[in-house]
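Asks: Dumping the structure here so I can ask a few things about it.
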Amino acid sequence: MTASARPMAEPTSLVQMPGWWGMICLVATEASLFAYLLFSYFYVGAQAAQWPPTTPPELRLALPNTIILLVSSATLLWAEAGMKKGQRSRYVLGTAITIVLGIIFLCIQLAEYHGKNFGPTSHAYGSLFFTITGFHFAHVAVGLLMLAEVEIRAMLGHFSAAKHLAVRNTSLYWHFVDVVWLCVFFSLYLTPHFWWHP
């Protein structure tokens, strides 16, 4: 006599969710990498006679881009709250808006790169600037792919108020990317205005 196959139930407690803790470990690892990069930026800057060697980065594009990314976190929080209440259409709408905002962020970032009068091989500052912002760019791109995949699954009815671990994990990753950008924005865009002198 064989037992009938039954679908595996999703754990009801975060303590029981290996997927959740897997995402926590990933976020912690990536946070460490960003911390090392930002430490390198400040360490090299402390040794330089003039940092940055050019004028401080303009905020004309970076500040609106920061606001866009923060708004994207708010729309995703709104979407996830809808999923927790079983409102699938609200989640689909909120995630779609988040995806659009993320794409706009990347487009503005590319426009900023195009307008720079230095490149990643120009000097140490250029190398660190493009490495740090480019590393974050890649994380946003990965986050958008994750959001798109979860969005499609939501439209296909894969999630419910009681079962949406992939939604939680993807939201956690996206909020992490947004928090990292705040650190990058403060370090690379704001602090040079405090200490730079012609």
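Chain labels A, B, ... are given in the sequence in which chains occur in the structure tokens; within each chain residues are numbered consecutively from 1, and ligands are likewise numbered from 1 in the order shown.
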Identify, on the basis of only C-alpha atoms, every residue whose closest approach to A:Gly22 does not exceed 12 Å; exclude the query and any residue fewer than 4 positions from it along the same chain; express the result as JSON, numbers by chain.
Replies: {"A": [14, 15, 16, 17, 18, 26, 27, 28, 29, 165, 166, 169, 170, 172, 173]}
Asks: Which residues come within 10 Å of A:Ile103, counting only C-alpha atoms, excluding same-chain residues fewer than 5 positions away, as an NGL selection string?
Replies: :A and (69 or 97-98 or 108-109 or 140-141 or 144)
Asks: Could you save the residues just selected, with N, CA, C and O atoms, as a compact mmCIF listing (two decimals), in the first residue's frame?
Replies:
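Output file result_11.txt follows:
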# COMPACT_ATOMS: atom_id res chain seq x y z
N LEU A 69 13.88 55.29 -6.77
CA LEU A 69 14.12 53.98 -6.17
C LEU A 69 13.40 53.84 -4.83
O LEU A 69 12.89 52.78 -4.50
N ILE A 97 4.26 48.55 -11.30
CA ILE A 97 4.75 49.92 -11.12
C ILE A 97 6.19 49.89 -10.63
O ILE A 97 7.04 50.68 -11.09
N THR A 98 6.50 48.98 -9.72
CA THR A 98 7.87 48.85 -9.20
C THR A 98 8.84 48.51 -10.32
O THR A 98 9.94 49.07 -10.40
N ILE A 108 18.22 56.14 -16.26
CA ILE A 108 18.83 57.38 -15.79
C ILE A 108 20.28 57.15 -15.41
O ILE A 108 21.15 57.99 -15.66
N GLN A 109 20.56 55.99 -14.80
CA GLN A 109 21.93 55.67 -14.44
C GLN A 109 22.82 55.58 -15.69
O GLN A 109 23.95 56.08 -15.70
N VAL A 140 20.31 45.82 -9.31
CA VAL A 140 18.98 46.29 -9.68
C VAL A 140 18.45 45.47 -10.85
O VAL A 140 17.27 45.07 -10.87
N ALA A 141 19.32 45.20 -11.83
CA ALA A 141 18.91 44.40 -12.99
C ALA A 141 18.46 43.01 -12.56
O ALA A 141 17.42 42.50 -13.03
N LEU A 144 15.10 43.22 -10.92
CA LEU A 144 14.01 43.37 -11.90
C LEU A 144 13.63 42.02 -12.52
O LEU A 144 12.45 41.75 -12.74
Asks: Would you mind telling me which residue in A:Ser89, A:Thr55, A:Trp174, A:Ser127 lies nearest to A:Tyr41 when using only C-alpha atoms?
Replies: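 Between A:Ser89, A:Thr55, A:Trp174, A:Ser127, the residue approaching A:Tyr41 most closely is A:Ser127.
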Asks: Find the residue from A:Met155, A:Ala161, A:Pro120, A:Leu128 that sits nearest to A:Leu93; use only C-alpha atoms when measuring.
Replies: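 Between A:Met155, A:Ala161, A:Pro120, A:Leu128, the residue approaching A:Leu93 most closely is A:Met155.
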Asks: I'd like to know which of A:Thr133, A:Gln50, A:Ser160, A:Ser171 is closest to A:Ala62, using only C-alpha atoms.
Replies: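 Using only C-alpha atoms, A:Ala62 sits closest to A:Thr133.
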Asks: In Å, rounded to a single decimal, give me how far atom CA of A:Gly102 is from atom CA of A:Val177.
Replies: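 Atom CA of A:Gly102 lies at a distance of 10.7 Å from atom CA of A:Val177.
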Asks: Excluding same-chain residues fewer than 6 positions from A:Arg90, what lies within 9 Å of it counting only C-alpha atoms, as JSON, numbers by chain?
Replies: {"A": [78, 79, 80, 81, 82, 83]}
Asks: Kindly give the distance, in Å, that separates atom CA of A:Val179 and atom CA of A:His136, rounded to a single decimal.
Replies: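 Separating atom CA of A:Val179 from atom CA of A:His136 is a distance of 10.8 Å.
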Asks: For A:Phe159, which residue among A:Val92, A:Val100, A:Cys183, A:Leu38 is the nearest when counting only C-alpha atoms?
Replies: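 Answer, going by the shortest atom-to-atom distance: A:Val92.
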Asks: Could you give me the residues within chain A that DSSP places in alpha helix (DSSP H), as an MDAnalysis selection string?
Replies: chainID A and resid 18:47 62:84 88:115 124:155 165:184 191:195
Asks: Distance atom CA of A:Ile99-atom CA of A:Val180, one decimal place?
Replies: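 About the pair atom CA of A:Ile99 and atom CA of A:Val180: they are 17.8 Å apart.
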Asks: Name all residues at most 12 Å from A:Leu182 (count only C-alpha atoms; drop same-chain ones fewer than 3 positions away) and give them as a PDB file with N, CA and C atoms, in the first residue's frame.
Replies:
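The new file result37.pdb reads:
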ATOM      1  N   PHE A  34      29.408  45.156  -0.603  1.00  0.00           N
ATOM      2  CA  PHE A  34      29.242  46.603  -0.754  1.00  0.00           C
ATOM      3  C   PHE A  34      29.998  47.355   0.335  1.00  0.00           C
ATOM      4  N   ALA A  62      21.192  62.089 -10.046  1.00  0.00           N
ATOM      5  CA  ALA A  62      21.282  61.125  -8.949  1.00  0.00           C
ATOM      6  C   ALA A  62      20.189  61.337  -7.896  1.00  0.00           C
ATOM      7  N   LEU A  63      19.854  62.583  -7.603  1.00  0.00           N
ATOM      8  CA  LEU A  63      18.838  62.837  -6.573  1.00  0.00           C
ATOM      9  C   LEU A  63      17.453  62.375  -7.019  1.00  0.00           C
ATOM     10  N   ASN A  65      16.863  60.133  -9.182  1.00  0.00           N
ATOM     11  CA  ASN A  65      16.964  58.680  -9.291  1.00  0.00           C
ATOM     12  C   ASN A  65      16.825  58.015  -7.926  1.00  0.00           C
ATOM     13  N   THR A  66      17.365  58.658  -6.904  1.00  0.00           N
ATOM     14  CA  THR A  66      17.228  58.136  -5.546  1.00  0.00           C
ATOM     15  C   THR A  66      15.769  58.142  -5.110  1.00  0.00           C
ATOM     16  N   ILE A  67      15.081  59.213  -5.420  1.00  0.00           N
ATOM     17  CA  ILE A  67      13.656  59.311  -5.076  1.00  0.00           C
ATOM     18  C   ILE A  67      12.857  58.227  -5.799  1.00  0.00           C
ATOM     19  N   ILE A  68      13.193  57.998  -7.075  1.00  0.00           N
ATOM     20  CA  ILE A  68      12.507  56.965  -7.860  1.00  0.00           C
ATOM     21  C   ILE A  68      12.665  55.591  -7.214  1.00  0.00           C
ATOM     22  N   LEU A  69      13.881  55.293  -6.772  1.00  0.00           N
ATOM     23  CA  LEU A  69      14.124  53.979  -6.172  1.00  0.00           C
ATOM     24  C   LEU A  69      13.402  53.844  -4.829  1.00  0.00           C
ATOM     25  N   LEU A  70      13.344  54.929  -4.058  1.00  0.00           N
ATOM     26  CA  LEU A  70      12.617  54.889  -2.789  1.00  0.00           C
ATOM     27  C   LEU A  70      11.121  54.692  -3.021  1.00  0.00           C
ATOM     28  N   THR A 133      28.988  51.783  -8.436  1.00  0.00           N
ATOM     29  CA  THR A 133      27.672  52.047  -9.035  1.00  0.00           C
ATOM     30  C   THR A 133      27.302  50.967 -10.045  1.00  0.00           C
ATOM     31  N   HIS A 136      26.031  47.974  -8.178  1.00  0.00           N
ATOM     32  CA  HIS A 136      24.641  48.206  -7.764  1.00  0.00           C
ATOM     33  C   HIS A 136      23.710  48.116  -8.960  1.00  0.00           C
ATOM     34  N   HIS A 175      14.227  45.560  -1.428  1.00  0.00           N
ATOM     35  CA  HIS A 175      14.416  46.577  -0.389  1.00  0.00           C
ATOM     36  C   HIS A 175      15.894  46.682   0.003  1.00  0.00           C
ATOM     37  N   PHE A 176      16.580  45.547  -0.002  1.00  0.00           N
ATOM     38  CA  PHE A 176      18.023  45.555   0.263  1.00  0.00           C
ATOM     39  C   PHE A 176      18.747  46.394  -0.786  1.00  0.00           C
ATOM     40  N   VAL A 177      18.403  46.201  -2.046  1.00  0.00           N
ATOM     41  CA  VAL A 177      19.026  46.970  -3.133  1.00  0.00           C
ATOM     42  C   VAL A 177      18.778  48.462  -2.948  1.00  0.00           C
ATOM     43  N   ASP A 178      17.601  48.818  -2.492  1.00  0.00           N
ATOM     44  CA  ASP A 178      17.273  50.233  -2.276  1.00  0.00           C
ATOM     45  C   ASP A 178      18.068  50.817  -1.115  1.00  0.00           C
ATOM     46  N   VAL A 179      18.194  50.057  -0.031  1.00  0.00           N
ATOM     47  CA  VAL A 179      18.966  50.531   1.118  1.00  0.00           C
ATOM     48  C   VAL A 179      20.437  50.706   0.728  1.00  0.00           C
ATOM     49  N   PHE A 185      24.640  56.482  -2.498  1.00  0.00           N
ATOM     50  CA  PHE A 185      24.325  57.878  -2.786  1.00  0.00           C
ATOM     51  C   PHE A 185      24.971  58.805  -1.764  1.00  0.00           C
ATOM     52  N   PHE A 186      24.874  58.439  -0.491  1.00  0.00           N
ATOM     53  CA  PHE A 186      25.479  59.265   0.546  1.00  0.00           C
ATOM     54  C   PHE A 186      26.999  59.301   0.402  1.00  0.00           C
ATOM     55  N   SER A 187      27.599  58.148   0.145  1.00  0.00           N
ATOM     56  CA  SER A 187      29.063  58.052   0.102  1.00  0.00           C
ATOM     57  C   SER A 187      29.650  58.696  -1.146  1.00  0.00           C
ATOM     58  N   LEU A 188      29.093  58.374  -2.308  1.00  0.00           N
ATOM     59  CA  LEU A 188      29.706  58.808  -3.566  1.00  0.00           C
ATOM     60  C   LEU A 188      29.201  60.161  -4.048  1.00  0.00           C
ATOM     61  N   TYR A 189      27.964  60.510  -3.691  1.00  0.00           N
ATOM     62  CA  TYR A 189      27.384  61.734  -4.243  1.00  0.00           C
ATOM     63  C   TYR A 189      27.326  62.889  -3.251  1.00  0.00           C
ATOM     64  N   LEU A 190      27.099  62.593  -1.976  1.00  0.00           N
ATOM     65  CA  LEU A 190      26.938  63.673  -1.012  1.00  0.00           C
ATOM     66  C   LEU A 190      28.238  64.039  -0.291  1.00  0.00           C
TER      67      LEU A 190
END
